[in-house]
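Notes for the one structure printed next.
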Amino acid sequence: MTLRRAARAALAAAVVGVLAATAAPSTAARPHDAGTAPAPGAEVYEAEDGELVGVTVDATAPGYSGTGYVSGFDAAEDQVTVTVPDSPGGLYELSVGYRAPYGQKNAQLELNGEGMGEITLPESTEFGTVPAGRVLLEPGANTVTVRSGWGWYEIDSVTLAPAPERPPHQVTGEPVDPLATPEARSLLRYLTDNYGETILSGQQDMAGIQWLEDNLGVTPAVAGLDMMDYSPSRVERGTVGVDVDHALDWDARGGITTFAWHWNAPSGLIDEPGREWWRGFYTDATTFDVAAALADPASADYRLLLRDIDAIAEQLLRLQDAGVPVLWRPLHEAEGGWFWWGAKGPGPAIELYRLMYDRMTRHHGLHNLIWVWNSVSPEWYPGDDVVDVVSADSYPSAGDHGPVSATYDKLVSLCQDTRVVALTEVGPIPDPDLLEAYQADWSWFVTWSGEFLTDGVWNSREHLEHVYGHPRVTTLDELEDVKHYGT
């Protein structure tokens with residue numbers, strides 16, 4: 001890290017600390033009169049008093065605060081906006097009172113008309129409160145908007161409380177694999193030492209990296225690659241994986257490699273229009289039952305799970321033999337349920353992840369992997385003994401460059417702040433200025449490929465130039481020797 005970066009980070013932290021310490025919430029809001037009492041200094045703004053677009057005030061379901069709640073979120077433009085008057089400005093913790101009787105939903109947030117990303121509203125037949133991250137209020141009037149997103153939920157209130165200064169991180173940088181290779185240890189140590197100071201730039205697939213080099217003259221520090229075409233059920237249909245070769249070339253350039261695995265189901269591919277064999281990682285494109293396979297180690301499907309893991313281990317061993325450390329992110333987005341490995345709930349997903357960890361480390365002797373978990377909910381977490389990094393993927397609306405602070409805070413809590421936290425897939429890239437202001441210390445980001453990078457809508461050229469020219473953002477030319485860091 002350069003001295004300029006250190007000074008900038010220290011200044012941002014000092015400014016935010018002063019704002020948070022001196023800010024006081026508006027006294028215009030009414031106190032919360034139902035449910036759990038707000039935190040000290042918090043103020044509650046009732047949704048039914050806000051500006052409504054496409055939604056209505058209801059009072060049918062019991063347990064709400066104030067005089068009612070807002071319902072009817074069933075179209076993309078539906079929203080409620082509450083006004084926070086006469087704020088002194090500063091950093092606040094935001095939470096949303098809600099009810100989601102029709103299953104888990106996502107909602108879009110805006111602050112003063114600017115996107116702030118998504119929040120997840122867990123299924124609940126009763127009114128409750130969900131943390132929604134931090135918001136940096138301006139002096140004077142501010143607006144907070146909840147926009148439909150997935151819809152079919154009810155909004156009761158918005159609560160703001162002065163945000164405390166974030167304590168120092170407790171990350172040690174010790175890998176969970178006691179036999180981790182020197183290169184893997186070095187990379188994790190580098191990530192740990194720079195955590196909270198800088199953010200590594202990343203791009204999915206080599207075509208995206210080439211586009212950045214050709215159009216902006218910049219090269220990200222992290223290459224996002226995929227084991228997808230090494231899946232046996234794809235290989236037997238003619239696919240030829242090339243990303244391990246790309247990883248070897250990228251390592252020779254001094255870059256960091258992260259791998260996901262769009263794991264084509266081992267069997268049960270439906271292979272009909274809309275559910276073709278090459279979409280076999282999706283739940284709706286396969287009849288493969290991961291829970292049933294794991295429940296019977298003598299079954300053919302269990303043996304196929306091992307066959308597939310072994311096939312990918314063979315590719316990862318090529319990288320280990322070449323001294324390449326890998327940020328390994330298997331079973332990504334499991335809690336979403338749209339991939340077959342998460343379709344049967346957290347139990348089978350955790351069991352499969354732990355089976356993979358054991359098979360790869362103990363059976364295959366793979367020790368060049370930094371294990372990256374990619375779900376936010378505590379009930380999906382496989383355990384501190386098999387996770388080096390916790391992470392999330394973020395796809396808010398096009399042009400929403402908010403800090404994704406609500407998700408960041410959840411991941412910090414998930415591991416009691418003992419793990420590096422990463423933003424492993426993004427559509428719009430968060431604004432690095434907001435990351436500093438919100439103390440959302442993402443270790444790296446990886447922008448997804450195709451239109452997310454190139455269409456000028458998800459990320460405008462001006463924004464890409466801002467990100468890649470930011471002193472907080474590390475590019476390939478600024479990257480240290482991560483394989484021999486500190487030695």
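The chains in the structure tokens are called A, B, ... from first to last as shown; in each chain the residues are counted from 1, and the ligands are counted from 1 in the order shown.
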
Mind the document's chain letters and residue numbers, and return as number ranges by chain the residues of segment 89-192 of chain A that DSSP labels helix (DSSP H, G or I).
A: 182-192

Env of Val171 of chain A: 6 Å cut, atoms = only C-alpha atoms, seq-sep filter 2 positions within chain, self excluded. Answer as a PDB file with C-alpha atoms, in the first residue's frame.
ATOM      1  CA  HIS A 169     -10.845  -6.286  12.153  1.00  0.00           C
ATOM      2  CA  GLY A 173      -4.671 -14.605   7.934  1.00  0.00           C
ATOM      3  CA  THR A 418     -12.433 -13.146  11.738  1.00  0.00           C
ATOM      4  CA  ARG A 419     -12.461 -13.648   7.961  1.00  0.00           C
TER       5      ARG A 419
END

Set the distance at 12 Å and use only C-alpha atoms: which residues neighbour Glu236 of chain A once local chain neighbours fewer than 5 positions away are removed? I'd like the list as a PyMOL selection string.
chain A and resi 229-231+241+264+266-267+277-278

Those residues you just picked out, can you put them in a file as a short mmCIF file (atom, residue, chain, number, x, y, z; two decimals), in the first residue's frame with all heavy atoms?
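Everything below was put into result.cif:
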data_model
loop_
_atom_site.label_atom_id
_atom_site.label_comp_id
_atom_site.auth_asym_id
_atom_site.auth_seq_id
_atom_site.Cartn_x
_atom_site.Cartn_y
_atom_site.Cartn_z
N ASP A 229 -16.56 -26.03 -17.77
CA ASP A 229 -16.43 -26.94 -18.90
C ASP A 229 -15.56 -28.17 -18.61
O ASP A 229 -15.36 -29.01 -19.50
CB ASP A 229 -15.88 -26.20 -20.11
CG ASP A 229 -16.97 -25.39 -20.81
OD1 ASP A 229 -18.15 -25.72 -20.65
OD2 ASP A 229 -16.63 -24.41 -21.52
N TYR A 230 -15.06 -28.28 -17.38
CA TYR A 230 -14.39 -29.50 -16.95
C TYR A 230 -15.36 -30.46 -16.26
O TYR A 230 -14.96 -31.56 -15.88
CB TYR A 230 -13.24 -29.16 -16.00
CG TYR A 230 -12.16 -28.29 -16.60
CD1 TYR A 230 -12.16 -26.92 -16.40
CD2 TYR A 230 -11.14 -28.83 -17.37
CE1 TYR A 230 -11.18 -26.09 -16.94
CE2 TYR A 230 -10.14 -28.02 -17.92
CZ TYR A 230 -10.16 -26.66 -17.70
OH TYR A 230 -9.18 -25.85 -18.23
N SER A 231 -16.61 -30.04 -16.06
CA SER A 231 -17.61 -30.92 -15.45
C SER A 231 -17.79 -32.16 -16.32
O SER A 231 -18.02 -32.05 -17.53
CB SER A 231 -18.96 -30.20 -15.33
OG SER A 231 -18.86 -29.02 -14.56
N GLY A 241 -12.40 -27.71 -21.52
CA GLY A 241 -12.05 -26.62 -20.62
C GLY A 241 -10.73 -25.97 -21.00
O GLY A 241 -9.78 -26.66 -21.39
N ASN A 264 -22.12 -28.60 -13.71
CA ASN A 264 -23.20 -29.30 -14.41
C ASN A 264 -23.56 -30.55 -13.62
O ASN A 264 -22.68 -31.32 -13.23
CB ASN A 264 -22.76 -29.68 -15.82
CG ASN A 264 -23.70 -29.18 -16.88
OD1 ASN A 264 -23.98 -27.98 -16.92
ND2 ASN A 264 -24.18 -30.05 -17.75
N PRO A 266 -24.28 -34.03 -12.10
CA PRO A 266 -23.65 -35.30 -12.49
C PRO A 266 -24.55 -36.21 -13.30
O PRO A 266 -24.08 -37.01 -14.10
CB PRO A 266 -23.29 -35.94 -11.14
CG PRO A 266 -23.22 -34.81 -10.18
CD PRO A 266 -24.25 -33.83 -10.63
N SER A 267 -25.86 -36.11 -13.09
CA SER A 267 -26.81 -36.94 -13.84
C SER A 267 -28.15 -36.21 -13.85
O SER A 267 -28.31 -35.15 -13.23
CB SER A 267 -26.97 -38.33 -13.19
OG SER A 267 -27.59 -38.22 -11.93
N TRP A 277 -28.90 -29.27 -21.87
CA TRP A 277 -27.89 -29.94 -21.05
C TRP A 277 -26.83 -28.98 -20.55
O TRP A 277 -26.31 -29.14 -19.44
CB TRP A 277 -27.24 -31.09 -21.82
CG TRP A 277 -26.47 -30.66 -23.04
CD1 TRP A 277 -26.90 -30.63 -24.33
CD2 TRP A 277 -25.10 -30.20 -23.08
NE1 TRP A 277 -25.91 -30.17 -25.17
CE2 TRP A 277 -24.79 -29.91 -24.43
CE3 TRP A 277 -24.12 -30.01 -22.11
CZ2 TRP A 277 -23.55 -29.44 -24.83
CZ3 TRP A 277 -22.87 -29.54 -22.50
CH2 TRP A 277 -22.59 -29.26 -23.85
N TRP A 278 -26.52 -27.97 -21.36
CA TRP A 278 -25.47 -27.04 -20.96
C TRP A 278 -25.93 -26.05 -19.89
O TRP A 278 -25.12 -25.27 -19.37
CB TRP A 278 -24.93 -26.28 -22.19
CG TRP A 278 -25.97 -25.76 -23.13
CD1 TRP A 278 -26.47 -26.39 -24.24
CD2 TRP A 278 -26.64 -24.50 -23.03
NE1 TRP A 278 -27.41 -25.59 -24.85
CE2 TRP A 278 -27.53 -24.44 -24.14
CE3 TRP A 278 -26.57 -23.43 -22.15
CZ2 TRP A 278 -28.36 -23.33 -24.35
CZ3 TRP A 278 -27.40 -22.33 -22.36
CH2 TRP A 278 -28.27 -22.29 -23.45
#

I'd like to know which of A:Trp448, A:Phe127, A:Tyr190, A:Trp250 is closest to Leu319 of chain A, using only C-alpha atoms.
A:Trp250

Find the residues around Ala59 of chain A up to 9 Å (only C-alpha atoms counted), leave out those fewer than 3 positions away in its own chain, and share them as a PyMOL selection string.
chain A and resi 62+64+67-70

Output N, CA, C and O atoms of each residue in that selection to a file, as an mmCIF file, in the first residue's frame.
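Output contents, as saved in result-v8.cif:
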data_model
loop_
_atom_site.group_PDB
_atom_site.id
_atom_site.type_symbol
_atom_site.label_atom_id
_atom_site.label_comp_id
_atom_site.auth_asym_id
_atom_site.auth_seq_id
_atom_site.Cartn_x
_atom_site.Cartn_y
_atom_site.Cartn_z
ATOM 1 N N PRO A 62 -51.998 -7.921 12.147
ATOM 2 C CA PRO A 62 -51.655 -7.331 13.444
ATOM 3 C C PRO A 62 -50.151 -7.198 13.641
ATOM 4 O O PRO A 62 -49.354 -7.830 12.939
ATOM 5 N N TYR A 64 -48.216 -4.294 13.607
ATOM 6 C CA TYR A 64 -47.485 -3.201 12.990
ATOM 7 C C TYR A 64 -47.292 -2.056 13.986
ATOM 8 O O TYR A 64 -47.961 -1.986 15.022
ATOM 9 N N THR A 67 -49.808 3.693 12.586
ATOM 10 C CA THR A 67 -51.223 3.553 12.256
ATOM 11 C C THR A 67 -51.495 2.549 11.145
ATOM 12 O O THR A 67 -52.648 2.371 10.749
ATOM 13 N N GLY A 68 -50.445 1.910 10.635
ATOM 14 C CA GLY A 68 -50.631 0.932 9.574
ATOM 15 C C GLY A 68 -49.306 0.568 8.937
ATOM 16 O O GLY A 68 -48.232 0.818 9.499
ATOM 17 N N TYR A 69 -49.385 -0.009 7.766
ATOM 18 C CA TYR A 69 -48.203 -0.399 7.016
ATOM 19 C C TYR A 69 -48.516 -0.270 5.528
ATOM 20 O O TYR A 69 -49.662 -0.031 5.140
ATOM 21 N N VAL A 70 -47.496 -0.418 4.690
ATOM 22 C CA VAL A 70 -47.659 -0.239 3.252
ATOM 23 C C VAL A 70 -47.598 -1.595 2.564
ATOM 24 O O VAL A 70 -46.679 -2.391 2.803
#

Selection near Ala334 of chain A, 10 Å with only C-alpha atoms, sequence-local residues under 3 positions removed, as a list of chain:residue names:
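The residues satisfying every condition are A:Pro330, A:Leu331, A:Gly337, A:Trp338, A:Phe339, A:Trp340, A:Trp341, A:Gly342, A:Ala343, A:Lys344, A:Gly345, A:Pro346, A:Ala349, A:Ile350, A:Trp373, A:Asn374, A:Ser375, A:Val376, A:Trp380.
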
Any chance you can output those residues with all heavy atoms as a compact mmCIF listing (two decimals), in the first residue's frame?
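Dumped to out_23.txt:
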# COMPACT_ATOMS: atom_id res chain seq x y z
N PRO A 330 -16.37 -22.73 -4.55
CA PRO A 330 -17.34 -23.72 -5.02
C PRO A 330 -18.73 -23.48 -4.42
O PRO A 330 -18.88 -22.78 -3.42
CB PRO A 330 -16.75 -25.03 -4.50
CG PRO A 330 -16.08 -24.63 -3.22
CD PRO A 330 -15.54 -23.24 -3.45
N LEU A 331 -19.74 -24.06 -5.03
CA LEU A 331 -21.13 -24.04 -4.56
C LEU A 331 -21.61 -22.61 -4.34
O LEU A 331 -22.29 -22.30 -3.36
CB LEU A 331 -21.28 -24.85 -3.26
CG LEU A 331 -20.73 -26.28 -3.25
CD1 LEU A 331 -21.20 -27.01 -2.01
CD2 LEU A 331 -21.12 -27.04 -4.51
N GLY A 337 -30.95 -21.12 -4.22
CA GLY A 337 -31.77 -22.26 -4.63
C GLY A 337 -31.86 -22.46 -6.12
O GLY A 337 -32.38 -23.48 -6.58
N TRP A 338 -31.35 -21.50 -6.92
CA TRP A 338 -31.47 -21.65 -8.38
C TRP A 338 -30.43 -22.61 -8.96
O TRP A 338 -30.54 -23.03 -10.09
CB TRP A 338 -31.38 -20.30 -9.08
CG TRP A 338 -30.33 -19.38 -8.52
CD1 TRP A 338 -28.99 -19.44 -8.73
CD2 TRP A 338 -30.56 -18.27 -7.65
NE1 TRP A 338 -28.35 -18.41 -8.05
CE2 TRP A 338 -29.29 -17.68 -7.40
CE3 TRP A 338 -31.70 -17.70 -7.09
CZ2 TRP A 338 -29.14 -16.56 -6.58
CZ3 TRP A 338 -31.55 -16.58 -6.28
CH2 TRP A 338 -30.30 -16.03 -6.03
N PHE A 339 -29.40 -22.95 -8.16
CA PHE A 339 -28.45 -23.99 -8.56
C PHE A 339 -28.75 -25.27 -7.78
O PHE A 339 -29.12 -25.21 -6.60
CB PHE A 339 -27.02 -23.54 -8.29
CG PHE A 339 -26.60 -22.32 -9.08
CD1 PHE A 339 -25.90 -21.29 -8.48
CD2 PHE A 339 -26.90 -22.20 -10.43
CE1 PHE A 339 -25.51 -20.17 -9.19
CE2 PHE A 339 -26.51 -21.08 -11.16
CZ PHE A 339 -25.81 -20.07 -10.53
N TRP A 340 -28.54 -26.42 -8.41
CA TRP A 340 -28.99 -27.69 -7.82
C TRP A 340 -28.33 -27.97 -6.48
O TRP A 340 -28.93 -28.63 -5.61
CB TRP A 340 -28.77 -28.85 -8.79
CG TRP A 340 -27.34 -29.11 -9.19
CD1 TRP A 340 -26.73 -28.70 -10.34
CD2 TRP A 340 -26.36 -29.85 -8.46
NE1 TRP A 340 -25.42 -29.13 -10.37
CE2 TRP A 340 -25.16 -29.84 -9.23
CE3 TRP A 340 -26.36 -30.53 -7.24
CZ2 TRP A 340 -24.00 -30.47 -8.81
CZ3 TRP A 340 -25.19 -31.15 -6.81
CH2 TRP A 340 -24.03 -31.12 -7.59
N TRP A 341 -27.12 -27.47 -6.25
CA TRP A 341 -26.45 -27.76 -4.98
C TRP A 341 -27.09 -27.02 -3.80
O TRP A 341 -26.82 -27.37 -2.65
CB TRP A 341 -24.96 -27.42 -5.07
CG TRP A 341 -24.64 -26.06 -5.61
CD1 TRP A 341 -24.60 -24.88 -4.93
CD2 TRP A 341 -24.31 -25.76 -6.97
NE1 TRP A 341 -24.27 -23.85 -5.78
CE2 TRP A 341 -24.06 -24.36 -7.03
CE3 TRP A 341 -24.16 -26.52 -8.13
CZ2 TRP A 341 -23.71 -23.72 -8.22
CZ3 TRP A 341 -23.81 -25.87 -9.31
CH2 TRP A 341 -23.59 -24.49 -9.35
N GLY A 342 -27.93 -26.03 -4.08
CA GLY A 342 -28.65 -25.35 -3.01
C GLY A 342 -30.13 -25.61 -3.00
O GLY A 342 -30.86 -25.09 -2.16
N ALA A 343 -30.60 -26.48 -3.92
CA ALA A 343 -32.04 -26.65 -4.11
C ALA A 343 -32.72 -27.37 -2.97
O ALA A 343 -33.93 -27.27 -2.79
CB ALA A 343 -32.30 -27.41 -5.41
N LYS A 344 -31.96 -28.11 -2.16
CA LYS A 344 -32.56 -28.89 -1.07
C LYS A 344 -32.29 -28.28 0.30
O LYS A 344 -32.46 -28.94 1.31
CB LYS A 344 -32.04 -30.34 -1.12
CG LYS A 344 -32.38 -31.08 -2.40
CD LYS A 344 -33.89 -31.20 -2.59
CE LYS A 344 -34.23 -31.95 -3.87
NZ LYS A 344 -35.69 -32.12 -4.03
N GLY A 345 -31.88 -27.02 0.31
CA GLY A 345 -31.70 -26.33 1.58
C GLY A 345 -30.28 -26.37 2.09
O GLY A 345 -29.37 -26.93 1.48
N PRO A 346 -30.05 -25.76 3.27
CA PRO A 346 -28.69 -25.59 3.77
C PRO A 346 -27.99 -26.88 4.18
O PRO A 346 -26.78 -27.00 4.01
CB PRO A 346 -28.86 -24.65 4.97
CG PRO A 346 -30.29 -24.79 5.38
CD PRO A 346 -31.04 -25.06 4.11
N ALA A 349 -26.30 -28.67 1.20
CA ALA A 349 -25.26 -27.80 0.63
C ALA A 349 -24.02 -27.79 1.52
O ALA A 349 -22.89 -27.89 1.03
CB ALA A 349 -25.80 -26.39 0.45
N ILE A 350 -24.23 -27.69 2.82
CA ILE A 350 -23.10 -27.70 3.75
C ILE A 350 -22.40 -29.05 3.72
O ILE A 350 -21.16 -29.14 3.71
CB ILE A 350 -23.60 -27.37 5.18
CG1 ILE A 350 -24.02 -25.89 5.26
CG2 ILE A 350 -22.53 -27.68 6.22
CD1 ILE A 350 -24.71 -25.53 6.55
N TRP A 373 -16.33 -19.08 0.86
CA TRP A 373 -17.76 -19.40 0.98
C TRP A 373 -18.57 -18.24 0.44
O TRP A 373 -18.22 -17.07 0.64
CB TRP A 373 -18.13 -19.69 2.42
CG TRP A 373 -19.59 -20.02 2.60
CD1 TRP A 373 -20.52 -19.30 3.28
CD2 TRP A 373 -20.27 -21.16 2.06
NE1 TRP A 373 -21.75 -19.92 3.21
CE2 TRP A 373 -21.63 -21.06 2.46
CE3 TRP A 373 -19.88 -22.24 1.28
CZ2 TRP A 373 -22.58 -22.01 2.11
CZ3 TRP A 373 -20.84 -23.18 0.92
CH2 TRP A 373 -22.17 -23.07 1.34
N ASN A 374 -19.72 -18.55 -0.21
CA ASN A 374 -20.42 -17.54 -1.00
C ASN A 374 -21.91 -17.47 -0.71
O ASN A 374 -22.72 -17.34 -1.60
CB ASN A 374 -20.18 -17.82 -2.50
CG ASN A 374 -20.69 -16.71 -3.41
OD1 ASN A 374 -21.38 -16.96 -4.38
ND2 ASN A 374 -20.35 -15.47 -3.09
N SER A 375 -22.28 -17.56 0.57
CA SER A 375 -23.66 -17.31 0.98
C SER A 375 -23.64 -16.51 2.27
O SER A 375 -22.69 -16.60 3.05
CB SER A 375 -24.43 -18.61 1.18
OG SER A 375 -24.70 -19.23 -0.06
N VAL A 376 -24.69 -15.74 2.51
CA VAL A 376 -24.70 -14.76 3.59
C VAL A 376 -25.40 -15.29 4.84
O VAL A 376 -25.00 -14.97 5.96
CB VAL A 376 -25.37 -13.45 3.12
CG1 VAL A 376 -25.47 -12.44 4.25
CG2 VAL A 376 -24.60 -12.86 1.94
N TRP A 380 -26.68 -21.26 6.52
CA TRP A 380 -26.00 -21.91 5.39
C TRP A 380 -24.49 -22.00 5.61
O TRP A 380 -23.79 -22.58 4.78
CB TRP A 380 -26.26 -21.13 4.10
CG TRP A 380 -27.66 -21.28 3.58
CD1 TRP A 380 -28.78 -20.64 4.04
CD2 TRP A 380 -28.10 -22.12 2.51
NE1 TRP A 380 -29.88 -21.03 3.31
CE2 TRP A 380 -29.49 -21.93 2.37
CE3 TRP A 380 -27.44 -23.00 1.65
CZ2 TRP A 380 -30.24 -22.60 1.40
CZ3 TRP A 380 -28.18 -23.66 0.68
CH2 TRP A 380 -29.57 -23.46 0.57

So that I can see what lies close to Trp328 of chain A, please list as a compact mmCIF listing (two decimals) with N, CA and C atoms, in the first residue's frame the residues with an atom at most 10 Å from it, counting only C-alpha atoms and leaving out residues fewer than 5 positions away in the same chain.
# COMPACT_ATOMS: atom_id res chain seq x y z
N ASP A 226 -13.57 -20.17 -14.44
CA ASP A 226 -14.65 -21.11 -14.13
C ASP A 226 -14.23 -22.53 -14.52
N THR A 257 -5.72 -15.40 -9.19
CA THR A 257 -6.75 -16.19 -9.86
C THR A 257 -7.82 -16.62 -8.86
N THR A 258 -9.08 -16.41 -9.23
CA THR A 258 -10.19 -16.99 -8.47
C THR A 258 -11.01 -17.86 -9.40
N PHE A 259 -11.41 -19.02 -8.90
CA PHE A 259 -12.21 -19.97 -9.68
C PHE A 259 -13.56 -20.20 -9.02
N ALA A 260 -14.62 -20.14 -9.82
CA ALA A 260 -15.92 -20.67 -9.46
C ALA A 260 -16.11 -21.98 -10.22
N TRP A 261 -17.23 -22.66 -9.93
CA TRP A 261 -17.53 -23.89 -10.66
C TRP A 261 -19.03 -23.96 -10.91
N LEU A 316 -7.15 -28.70 -10.57
CA LEU A 316 -6.55 -27.85 -9.54
C LEU A 316 -5.14 -28.31 -9.18
N ASN A 368 -3.24 -25.78 -2.28
CA ASN A 368 -3.02 -24.44 -2.84
C ASN A 368 -4.30 -23.61 -2.87
N LEU A 369 -5.34 -24.06 -2.18
CA LEU A 369 -6.65 -23.43 -2.25
C LEU A 369 -6.91 -22.56 -1.02
N ILE A 370 -7.41 -21.36 -1.28
CA ILE A 370 -8.00 -20.52 -0.24
C ILE A 370 -9.51 -20.66 -0.41
N TRP A 371 -10.16 -21.19 0.62
CA TRP A 371 -11.55 -21.61 0.51
C TRP A 371 -12.49 -20.42 0.75
N VAL A 372 -13.30 -20.12 -0.27
CA VAL A 372 -14.18 -18.96 -0.27
C VAL A 372 -15.63 -19.43 -0.21
N TRP A 373 -16.33 -19.08 0.86
CA TRP A 373 -17.76 -19.40 0.98
C TRP A 373 -18.57 -18.24 0.44
N ASP A 388 -11.96 -19.84 4.57
CA ASP A 388 -10.94 -18.80 4.72
C ASP A 388 -11.49 -17.41 4.48
N VAL A 389 -12.43 -17.29 3.54
CA VAL A 389 -12.98 -16.01 3.11
C VAL A 389 -14.49 -16.15 3.00
